[in-house]
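Raw upload.txt, compact mmCIF, C-alpha atoms:
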```
# COMPACT_ATOMS: atom_id res chain seq x y z
CA MET V 17 200.92 -71.66 130.64
CA THR V 18 200.75 -69.01 133.37
CA LEU V 19 197.39 -67.50 134.29
CA THR V 20 197.26 -63.80 133.43
CA PRO V 21 194.92 -60.89 134.21
CA LYS V 22 193.59 -61.22 130.65
CA ASP V 23 192.63 -64.84 131.33
CA VAL V 24 190.73 -63.76 134.44
CA ALA V 25 189.04 -60.97 132.49
CA ALA V 26 187.92 -63.48 129.84
CA PHE V 27 186.47 -65.73 132.53
CA VAL V 28 184.57 -62.82 134.09
CA ALA V 29 183.20 -61.86 130.67
CA ASN V 30 181.95 -65.43 130.20
CA ALA V 31 180.46 -65.47 133.69
CA HIS V 32 178.76 -62.14 132.97
CA ALA V 33 177.12 -63.49 129.82
CA ALA V 34 176.14 -66.76 131.51
CA ILE V 35 174.53 -65.14 134.54
CA HIS V 36 172.53 -62.77 132.37
CA GLU V 37 171.20 -65.77 130.43
CA GLU V 38 170.53 -67.82 133.55
CA GLU V 39 169.24 -65.14 135.94
CA GLN V 40 165.59 -66.20 135.94
CA HIS V 41 166.44 -69.90 135.99
CA LEU V 42 168.60 -69.36 139.08
CA ASN V 43 165.89 -67.26 140.71
CA ALA V 44 163.41 -70.07 140.13
CA ALA V 45 165.79 -72.63 141.65
CA ASP V 46 166.24 -70.42 144.71
CA ALA V 47 162.51 -69.78 145.09
CA ASN V 48 162.08 -73.44 146.00
CA VAL V 49 163.78 -72.96 149.38
CA GLY V 50 164.84 -69.32 149.58
CA ASP V 51 164.03 -65.76 148.57
CA GLY V 52 164.11 -66.44 144.86
CA ASP V 53 166.77 -63.85 144.14
CA THR V 54 170.01 -65.81 143.62
CA GLY V 55 170.12 -65.05 139.90
CA SER V 56 169.42 -61.35 140.37
CA MET V 57 171.97 -61.06 143.17
CA LEU V 58 174.66 -62.80 141.12
CA ARG V 59 173.85 -60.59 138.14
CA ARG V 60 174.48 -57.48 140.25
CA VAL V 61 177.73 -58.90 141.59
CA VAL V 62 179.03 -60.00 138.20
CA ASP V 63 177.93 -56.69 136.64
CA ALA V 64 180.12 -54.92 139.20
CA MET V 65 183.03 -57.27 138.55
CA ALA V 66 182.69 -56.84 134.78
CA LYS V 67 183.17 -53.07 135.17
CA ILE V 68 186.65 -53.56 136.61
CA ASP V 69 189.58 -53.26 134.19
CA THR V 70 190.79 -56.73 135.10
CA ALA V 71 192.75 -57.21 131.88
CA GLY V 72 194.72 -54.03 132.54
CA ALA V 73 195.69 -54.96 136.10
CA ALA V 74 199.40 -54.84 136.91
CA SER V 75 199.43 -58.42 138.18
CA LEU V 76 197.25 -61.48 138.64
CA ALA V 77 196.97 -60.71 142.35
CA ASP V 78 195.81 -57.16 141.61
CA ALA V 79 193.27 -58.44 139.09
CA ALA V 80 191.77 -60.92 141.53
CA MET V 81 191.76 -58.44 144.43
CA GLY V 82 189.97 -55.88 142.28
CA LEU V 83 187.25 -58.42 141.59
CA ALA V 84 186.99 -59.32 145.27
CA GLN V 85 186.57 -55.66 146.24
CA ALA V 86 183.95 -55.08 143.54
CA ALA V 87 181.97 -58.11 144.71
CA MET V 88 182.12 -57.06 148.36
CA LYS V 89 180.88 -53.54 147.59
CA GLU V 90 177.94 -54.82 145.58
CA THR V 91 176.66 -57.76 147.59
CA GLY V 92 174.65 -57.97 150.77
CA SER V 93 174.09 -61.70 150.45
CA SER V 94 175.92 -64.70 151.79
CA LEU V 95 176.53 -66.19 148.33
CA GLY V 96 177.91 -62.90 147.01
CA THR V 97 180.28 -62.77 149.96
CA LEU V 98 181.50 -66.26 149.04
CA VAL V 99 182.19 -65.09 145.47
CA ALA V 100 184.34 -62.32 146.92
CA THR V 101 186.06 -64.81 149.23
CA ALA V 102 186.95 -67.05 146.28
CA ALA V 103 188.41 -64.10 144.36
CA MET V 104 190.39 -62.99 147.40
CA THR V 105 191.78 -66.51 147.76
CA LEU V 106 193.02 -66.39 144.16
CA ALA V 107 194.64 -63.03 144.91
CA LYS V 108 196.45 -64.46 147.92
CA ALA V 109 197.58 -67.54 145.99
CA ALA V 110 198.86 -65.37 143.14
CA LYS V 111 200.74 -63.07 145.50
CA SER V 112 202.42 -65.96 147.32
CA ALA V 113 203.46 -67.48 143.99
CA ASP V 114 204.68 -64.17 142.56
CA GLY V 115 201.98 -64.46 139.92
CA ASP V 116 203.27 -67.77 138.65
CA ILE V 117 200.09 -69.86 138.65
CA GLY V 118 199.59 -72.28 135.80
CA ALA V 119 196.88 -74.74 134.81
CA GLY V 120 198.56 -77.46 136.86
CA ASP V 121 198.20 -75.33 139.99
CA MET V 122 194.48 -74.77 139.66
CA GLY V 123 193.41 -77.90 141.52
CA ARG V 124 195.32 -76.65 144.56
CA VAL V 125 194.02 -73.11 144.17
CA VAL V 126 190.40 -74.27 143.87
CA ALA V 127 190.92 -76.44 146.97
CA GLU V 128 192.13 -73.31 148.79
CA MET V 129 189.01 -71.50 147.58
CA ARG V 130 186.89 -74.39 148.88
CA ASP V 131 188.49 -74.19 152.31
CA ALA V 132 188.20 -70.40 152.51
CA VAL V 133 184.57 -70.45 151.38
CA ALA V 134 183.79 -73.27 153.83
CA ALA V 135 185.28 -71.29 156.70
CA ARG V 136 183.45 -68.12 155.71
CA GLY V 137 180.12 -69.86 155.15
CA LYS V 138 180.48 -72.26 158.08
CA ALA V 139 179.64 -75.21 155.84
CA ALA V 140 181.36 -78.47 154.95
CA PRO V 141 181.53 -80.91 152.05
CA GLY V 142 178.32 -82.91 151.96
CA ASP V 143 176.05 -80.02 152.98
CA LYS V 144 174.87 -79.55 149.36
CA THR V 145 176.39 -76.15 148.71
CA VAL V 146 178.95 -74.52 146.42
CA ILE V 147 181.60 -76.17 148.60
CA ASP V 148 180.64 -79.52 147.09
CA SER V 149 181.08 -78.08 143.60
CA LEU V 150 184.49 -76.63 144.46
CA ASP V 151 185.50 -79.91 146.09
CA ALA V 152 184.61 -81.87 142.96
CA ILE V 153 186.32 -79.35 140.67
CA ALA V 154 189.53 -79.35 142.73
CA ALA V 155 189.74 -83.14 142.63
CA ALA V 156 189.03 -83.30 138.90
CA LEU V 157 191.64 -80.64 138.07
CA ASP V 158 194.22 -82.53 140.11
CA GLU V 159 193.49 -85.67 138.09
CA GLY V 160 193.62 -83.68 134.86
CA PRO V 161 193.54 -82.48 132.28
CA ALA V 162 193.51 -79.17 134.13
CA ASN V 163 191.22 -77.13 131.91
CA ARG V 164 187.76 -75.56 131.86
CA ALA V 165 186.14 -78.60 130.26
CA THR V 166 187.30 -80.77 133.16
CA ALA V 167 186.02 -78.23 135.66
CA ALA V 168 182.67 -77.99 133.85
CA ARG V 169 182.20 -81.76 133.86
CA ALA V 170 183.04 -81.94 137.55
CA ALA V 171 180.55 -79.19 138.40
CA ALA V 172 177.83 -80.91 136.37
CA ASP V 173 178.59 -84.26 138.01
CA ALA V 174 178.44 -82.70 141.48
CA LEU V 175 175.09 -81.13 140.65
CA ASP V 176 173.74 -84.53 139.58
CA ALA V 177 175.23 -86.31 142.59
CA PHE V 178 173.62 -83.96 145.12
CA ARG V 179 170.26 -83.33 143.45
CA ASP V 180 168.44 -86.06 145.36
CA LYS V 181 170.03 -85.19 148.70
CA PRO V 182 168.64 -82.69 151.22
CA CYS V 183 170.45 -79.45 151.94
CA ARG V 184 171.99 -79.51 155.42
CA ILE V 185 172.75 -75.83 156.01
CA GLY V 186 171.09 -72.43 155.75
CA ARG V 187 167.40 -71.78 155.31
CA ALA V 188 167.04 -74.76 152.96
CA ARG V 189 167.83 -77.19 155.77
CA MET V 190 164.46 -76.35 157.30
CA PHE V 191 162.70 -77.65 154.19
CA PRO V 192 164.36 -81.01 153.46
CA GLU V 193 161.39 -82.17 151.41
CA ARG V 194 161.79 -79.16 149.11
CA SER V 195 165.56 -79.34 148.72
CA THR V 196 165.54 -83.09 148.03
CA GLY V 197 165.24 -83.58 144.29
CA ALA V 198 166.08 -79.93 143.58
CA ASP V 199 169.33 -78.25 142.56
CA ASP V 200 171.13 -76.01 145.02
CA PRO V 201 171.09 -72.60 143.26
CA GLY V 202 174.75 -71.89 144.03
CA MET V 203 175.87 -75.24 142.67
CA LEU V 204 173.65 -74.68 139.64
CA ALA V 205 175.22 -71.27 139.04
CA ILE V 206 178.74 -72.73 139.05
CA ALA V 207 177.75 -75.48 136.65
CA ARG V 208 176.04 -73.09 134.24
CA VAL V 209 178.88 -70.55 134.28
CA LEU V 210 181.53 -73.20 133.61
CA ASN V 211 179.44 -74.84 130.90
CA HIS V 212 178.95 -71.48 129.20
CA ALA V 213 182.67 -70.76 129.40
CA THR V 214 183.46 -74.12 127.80
CA VAL V 215 180.86 -73.87 125.06
CA THR V 216 181.88 -70.33 124.07
CA GLN V 217 185.65 -70.91 124.06
```

Translate this structure into structure tokens?
Amino acid sequence: MTLTPKDVAAFVANAHAAIHEEEQHLNAADANVGDGDTGSMLRRVVDAMAKIDTAGAASLADAAMGLAQAAMKETGSSLGTLVATAAMTLAKAAKSADGDIGAGDMGRVVAEMRDAVAARGKAAPGDKTVIDSLDAIAAALDEGPANRATAARAAADALDAFRDKPCRIGRARMFPERSTGADDPGMLAIARVLNHATVTQ
């Protein structure tokens, strides 16, 4: 089954609902080592993305690029920029494949997102960031089945695996005692969004 603009629009709608539910929880997770605004920042970004007519886009590449542009205009944060980078990576993958991206391709596409986000954020697997979530999701989708439930389980497993490790990048690295035993807010956001998408399918 080929991914369509309507599929992307449905995912954004799920993400929009999830972030609105989780905003304060994500803010609390971020307050442990940061400014305490991850949830509010993601809500603004996803609000902007939800206003785009993604379902009516002419192509998958156009749909993803529209989301990337909306995210970039709204965010002033590093995590918001990474959201835009991930959407732009999907746009590039869709364009190079002439829009023919199916479920079986998503492991590769998520791996490309991981690499693009890592380059933009100057982080690596093992640093306890969203890159670790994307790395786990890419591997799980490659093993299959390539669906949202698989991605959600991988994101939850990554969150559990890294909870008791210190963050090794960004402001959180300066407070290893605070980040150890706590969830990275970006990883938590991915897990909650994917879980919401799976539960509400």

Close residues, Ala29 of chain V itself excluded, 10 Å, all atoms listed in the file, min 2 positions apart in chain, as an MDAnalysis selection string | chainID V and resid 23:27 31:34 62:63 65:67 213

Generate the output file for the selected residues, C-alpha atoms, as a PDB file, in the coordinates of the input.
```pdb
ATOM      1  CA  ASP V  23     192.630 -64.840 131.330  1.00  0.00           C
ATOM      2  CA  VAL V  24     190.730 -63.760 134.440  1.00  0.00           C
ATOM      3  CA  ALA V  25     189.040 -60.970 132.490  1.00  0.00           C
ATOM      4  CA  ALA V  26     187.920 -63.480 129.840  1.00  0.00           C
ATOM      5  CA  PHE V  27     186.470 -65.730 132.530  1.00  0.00           C
ATOM      6  CA  ALA V  31     180.460 -65.470 133.690  1.00  0.00           C
ATOM      7  CA  HIS V  32     178.760 -62.140 132.970  1.00  0.00           C
ATOM      8  CA  ALA V  33     177.120 -63.490 129.820  1.00  0.00           C
ATOM      9  CA  ALA V  34     176.140 -66.760 131.510  1.00  0.00           C
ATOM     10  CA  VAL V  62     179.030 -60.000 138.200  1.00  0.00           C
ATOM     11  CA  ASP V  63     177.930 -56.690 136.640  1.00  0.00           C
ATOM     12  CA  MET V  65     183.030 -57.270 138.550  1.00  0.00           C
ATOM     13  CA  ALA V  66     182.690 -56.840 134.780  1.00  0.00           C
ATOM     14  CA  LYS V  67     183.170 -53.070 135.170  1.00  0.00           C
ATOM     15  CA  ALA V 213     182.670 -70.760 129.400  1.00  0.00           C
TER      16      ALA V 213
END
```

Closest to His36 of chain V among V:Arg169, V:Lys138, V:Lys22, V:Arg60, using all atoms listed in the file?
->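 Looking at the shortest contact to His36 of chain V, the residue is V:Arg60.
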
Distance criterion (all atoms listed in the file): nearest to Thr54 of chain V out of V:Arg194, V:Lys89, V:Lys144, V:His41 |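 Among V:Arg194, V:Lys89, V:Lys144, V:His41, it is V:His41 that comes nearest to Thr54 of chain V.
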
Residue with smallest distance to Asp116 of chain V - pool V:Ala152, V:Met88, V:Leu19, V:Ala140, counting only C-alpha atoms | V:Leu19

Just how far from atom CA of Ile206 of chain V is atom CA of Ala168 of chain V, in Å to one decimal?
->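 A separation of 8.4 Å between them.
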
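With atom CA of Met122 of chain V on one side and atom CA of Gly96 of chain V on the other, the separation reads 21.7 Å.
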
Near Ala47 of chain V, counting all atoms listed in the file, which residues have an atom at most 12 Å away, once you skip same-chain residues fewer than 5 positions from it, shown as an MDAnalysis selection string?
-> chainID V and resid 40:42 52:56 187:188 194:195 198:201

Just C-alpha atoms for this one: save the residues we selected as a compact mmCIF listing (two decimals), keeping the file's coordinate frame.
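The resulting out_25.txt:
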```txt
# COMPACT_ATOMS: atom_id res chain seq x y z
CA GLN V 40 165.59 -66.20 135.94
CA HIS V 41 166.44 -69.90 135.99
CA LEU V 42 168.60 -69.36 139.08
CA GLY V 52 164.11 -66.44 144.86
CA ASP V 53 166.77 -63.85 144.14
CA THR V 54 170.01 -65.81 143.62
CA GLY V 55 170.12 -65.05 139.90
CA SER V 56 169.42 -61.35 140.37
CA ARG V 187 167.40 -71.78 155.31
CA ALA V 188 167.04 -74.76 152.96
CA ARG V 194 161.79 -79.16 149.11
CA SER V 195 165.56 -79.34 148.72
CA ALA V 198 166.08 -79.93 143.58
CA ASP V 199 169.33 -78.25 142.56
CA ASP V 200 171.13 -76.01 145.02
CA PRO V 201 171.09 -72.60 143.26
```

Residues near Asp151 of chain V, cut-off 8 Å, only C-alpha atoms, skip fewer than 3 positions along chain, as a ChimeraX atom specification = /V:126-127,130,141,147-148,154-155

So which residues touch Lys181 of chain V within 7 Å, counting all atoms listed in the file, skipping near sequence neighbours fewer than 3 positions away, as a PyMOL selection string?
-> chain V and resi 178+196-197

Can you write out the residues you just picked, keeping C-alpha atoms, as a PDB file, in the coordinates of the input?
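Just written: again_29.pdb:
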```
ATOM      1  CA  PHE V 178     173.620 -83.960 145.120  1.00  0.00           C
ATOM      2  CA  THR V 196     165.540 -83.090 148.030  1.00  0.00           C
ATOM      3  CA  GLY V 197     165.240 -83.580 144.290  1.00  0.00           C
TER       4      GLY V 197
END
```

Proximity to Met203 of chain V - best of V:Ala45, V:Arg184, V:Gly123, V:Ala113, all atoms listed in the file =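 Ranked by minimum distance to Met203 of chain V, first place goes to V:Ala45.
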
Residue with smallest distance to Glu159 of chain V - pool V:Ala174, V:Asp121, V:Ala87, V:Val99, counting all atoms listed in the file =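 Under the stated criterion, the closest residue is V:Asp121.
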
Using all atoms listed in the file, which of V:Glu39, V:Leu210, V:Met57, V:Thr20 sits nearest Thr91 of chain V?
->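 Answer, going by the shortest atom-to-atom distance: V:Met57.
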
Just how far from atom CA of Met81 of chain V is atom CA of Met104 of chain V, in Å to one decimal?
->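 Taking atom CA of Met104 of chain V as the start and atom CA of Met81 of chain V as the end point, the length is 5.6 Å.
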
If you count only C-alpha atoms, which residues fall within 7 Å of Leu76 of chain V, apart from same-chain ones fewer than 2 positions away, as a PDB file with C-alpha atoms, in the frame of the given file?
```pdb
ATOM      1  CA  THR V  20     197.260 -63.800 133.430  1.00  0.00           C
ATOM      2  CA  PRO V  21     194.920 -60.890 134.210  1.00  0.00           C
ATOM      3  CA  ASP V  78     195.810 -57.160 141.610  1.00  0.00           C
ATOM      4  CA  ALA V  79     193.270 -58.440 139.090  1.00  0.00           C
ATOM      5  CA  ALA V  80     191.770 -60.920 141.530  1.00  0.00           C
ATOM      6  CA  ALA V 107     194.640 -63.030 144.910  1.00  0.00           C
ATOM      7  CA  ALA V 110     198.860 -65.370 143.140  1.00  0.00           C
ATOM      8  CA  GLY V 115     201.980 -64.460 139.920  1.00  0.00           C
TER       9      GLY V 115
END
```
